[in-house]
Amino acid sequence: MSAWWNDVETQHGAKGATRNGMFAALGFAGILGITAVYLGVTGTLPRQNLDPLGRIIAMTFVGLEIAACLLAAWRFRMGKGWLAGGIVLLIFVIEIGFKLFSGFFGIAWYLLYFAIFMGLANGVRGAWALRDIGEEPADLSDTFA
């Protein structure tokens with residue numbers, strides 16, 4: 001299979017997919033961290049004029065999104081996380097939808113968004129597949145015991 005869409009039929013492929021999901025969740029958390037720093041330094045977001053209450057609400061939601069991303073990354077690292085990853089994937093799609101409709105253009109950003117989307121989707125697929133596959137034996141001889 002390709003690097004963008006992992007084969008989750010095997011233990012190795014499903015683990016690789018959840019690893020991609022972990023890195024994608026950390027990448028999304030990094031983008032949100034940059035947004036939080038920008039919001040904290042300037043007091044506003046691009047193309048938005050926030051009053052103090054709006055700034056507090058925006059910082060709260062960005063903080064919650066970062067926490068959800070870090071939780072999903074940790075769950076993907078554990079080989080689980082289809083629910084947390086699905087929630088983060090939904091948050092990511094909503095954020096990208098708002099950015100597309102607000103006119104934030106740039107091919108580099110679209111490539112980054114595509115990579116994060118595919119990583120999160122692979123992570124959810126891999127975590128779901130690992131539910132059915134189960135754990136691999138610690139020793140190969142346990143398979144034939």
# chains A, B, ... in the order shown; residues from 1 in each chain; ligands from 1

$ residues_around --residues "A:Arg77" --least-positions-apart "5" --cutoff "10 Å" --atoms "only C-alpha atoms" --output "list in words"
Lys15, Thr18, Arg19, Asn20, Gly21, Met22, Phe23, Leu71, Ala72, Gly123 and Ala127 of chain A

$ write_last_selection --atoms "C-alpha atoms" --output "short mmCIF file (atom, residue, chain, number, x, y, z; two decimals), in the first residue's frame"
data_model
loop_
_atom_site.label_atom_id
_atom_site.label_comp_id
_atom_site.auth_asym_id
_atom_site.auth_seq_id
_atom_site.Cartn_x
_atom_site.Cartn_y
_atom_site.Cartn_z
CA LYS A 15 0.54 -0.38 14.21
CA THR A 18 -1.71 4.29 14.53
CA ARG A 19 1.86 5.62 14.55
CA ASN A 20 0.95 7.90 11.63
CA GLY A 21 -2.12 8.99 13.58
CA MET A 22 0.03 9.83 16.59
CA PHE A 23 2.33 12.04 14.52
CA LEU A 71 -5.00 12.63 24.35
CA ALA A 72 -5.52 11.19 20.87
CA GLY A 123 -4.76 6.39 12.99
CA ALA A 127 -6.90 1.65 16.05
#

$ select_by_dssp --residues "stretch 5-75 of chain A" --states "alpha helix (DSSP H)" --output "ChimeraX atom specification"
/A:11-42,52-75

$ closest_atom_pairs --of "stretch 62-109 of chain A" --to "stretch 32-35 of chain A" --cutoff "9 Å" --atoms "only C-alpha atoms" --output "Markdown table"
| residue | atom | partner | partner_atom | distance |
| --- | --- | --- | --- | --- |
| A:Val62 | CA | A:Leu32 | CA | 6.5 |
| A:Gly63 | CA | A:Leu32 | CA | 8.3 |
| A:Glu65 | CA | A:Leu32 | CA | 7.5 |
| A:Ile66 | CA | A:Leu32 | CA | 6.4 |

$ write_last_selection --atoms "C-alpha atoms" --output "PDB file, in the first residue's frame"
ATOM      1  CA  VAL A  62      -7.798  26.251  21.670  1.00  0.00           C
ATOM      2  CA  GLY A  63      -6.585  24.796  24.975  1.00  0.00           C
ATOM      3  CA  GLU A  65      -8.431  21.278  21.297  1.00  0.00           C
ATOM      4  CA  ILE A  66      -4.758  20.907  22.223  1.00  0.00           C
TER       5      ILE A  66
END

$ residues_around --residues "A:Phe114" --least-positions-apart "6" --cutoff "12 Å" --atoms "only C-alpha atoms" --output "PDB file with N, CA and C atoms, in the first residue's frame"
ATOM      1  N   TRP A   4       0.364   6.961   2.201  1.00  0.00           N
ATOM      2  CA  TRP A   4      -0.774   7.773   2.632  1.00  0.00           C
ATOM      3  C   TRP A   4      -1.928   6.931   3.147  1.00  0.00           C
ATOM      4  N   ALA A  24       0.306  12.722  13.331  1.00  0.00           N
ATOM      5  CA  ALA A  24      -0.643  13.706  12.804  1.00  0.00           C
ATOM      6  C   ALA A  24      -1.314  14.475  13.939  1.00  0.00           C
ATOM      7  N   GLY A  27       1.150  16.905  15.199  1.00  0.00           N
ATOM      8  CA  GLY A  27       1.272  18.012  14.252  1.00  0.00           C
ATOM      9  C   GLY A  27       0.118  18.991  14.379  1.00  0.00           C
ATOM     10  N   PHE A  28      -1.091  18.464  14.533  1.00  0.00           N
ATOM     11  CA  PHE A  28      -2.258  19.325  14.712  1.00  0.00           C
ATOM     12  C   PHE A  28      -2.153  20.087  16.028  1.00  0.00           C
ATOM     13  N   LEU A  89     -10.292  14.092  14.608  1.00  0.00           N
ATOM     14  CA  LEU A  89     -10.490  14.181  13.158  1.00  0.00           C
ATOM     15  C   LEU A  89     -11.689  15.068  12.833  1.00  0.00           C
ATOM     16  N   PHE A  92     -10.693  18.624  13.449  1.00  0.00           N
ATOM     17  CA  PHE A  92      -9.802  19.059  12.375  1.00  0.00           C
ATOM     18  C   PHE A  92     -10.589  19.409  11.115  1.00  0.00           C
ATOM     19  N   VAL A  93     -11.555  18.575  10.749  1.00  0.00           N
ATOM     20  CA  VAL A  93     -12.355  18.837   9.545  1.00  0.00           C
ATOM     21  C   VAL A  93     -13.162  20.122   9.713  1.00  0.00           C
ATOM     22  N   ILE A  96     -10.718  23.071   9.334  1.00  0.00           N
ATOM     23  CA  ILE A  96     -10.322  23.256   7.937  1.00  0.00           C
ATOM     24  C   ILE A  96     -11.485  23.841   7.144  1.00  0.00           C
ATOM     25  N   ILE A 107      -0.906  26.936  -0.967  1.00  0.00           N
ATOM     26  CA  ILE A 107      -0.749  25.524  -1.325  1.00  0.00           C
ATOM     27  C   ILE A 107       0.019  24.753  -0.258  1.00  0.00           C
ATOM     28  N   ALA A 108       0.985  25.393   0.402  1.00  0.00           N
ATOM     29  CA  ALA A 108       1.744  24.699   1.445  1.00  0.00           C
ATOM     30  C   ALA A 108       0.830  24.315   2.609  1.00  0.00           C
ATOM     31  N   LEU A 120      -4.495  11.309  10.564  1.00  0.00           N
ATOM     32  CA  LEU A 120      -5.555  11.069  11.544  1.00  0.00           C
ATOM     33  C   LEU A 120      -6.509   9.973  11.076  1.00  0.00           C
ATOM     34  N   ALA A 121      -6.848   9.993   9.791  1.00  0.00           N
ATOM     35  CA  ALA A 121      -7.733   8.947   9.262  1.00  0.00           C
ATOM     36  C   ALA A 121      -7.069   7.575   9.371  1.00  0.00           C
TER      37      ALA A 121
END

$ atom_distance --atom1 "atom CA of A:Gly86" --atom2 "atom CA of A:Val124"
6.3 Å

$ atom_distance --atom1 "atom CA of A:Val37" --atom2 "atom CA of A:Met59"
9.6 Å

$ residues_around --residues "A:Ala84" --least-positions-apart "3" --cutoff "10 Å" --atoms "only C-alpha atoms" --output "list in words"
Ala68, Cys69, Leu70, Leu71, Ala72, Ala73, Trp74, Arg75, Phe76, Lys80, Gly81, Ile87, Val88, Leu89, Leu90 and Val124 of chain A
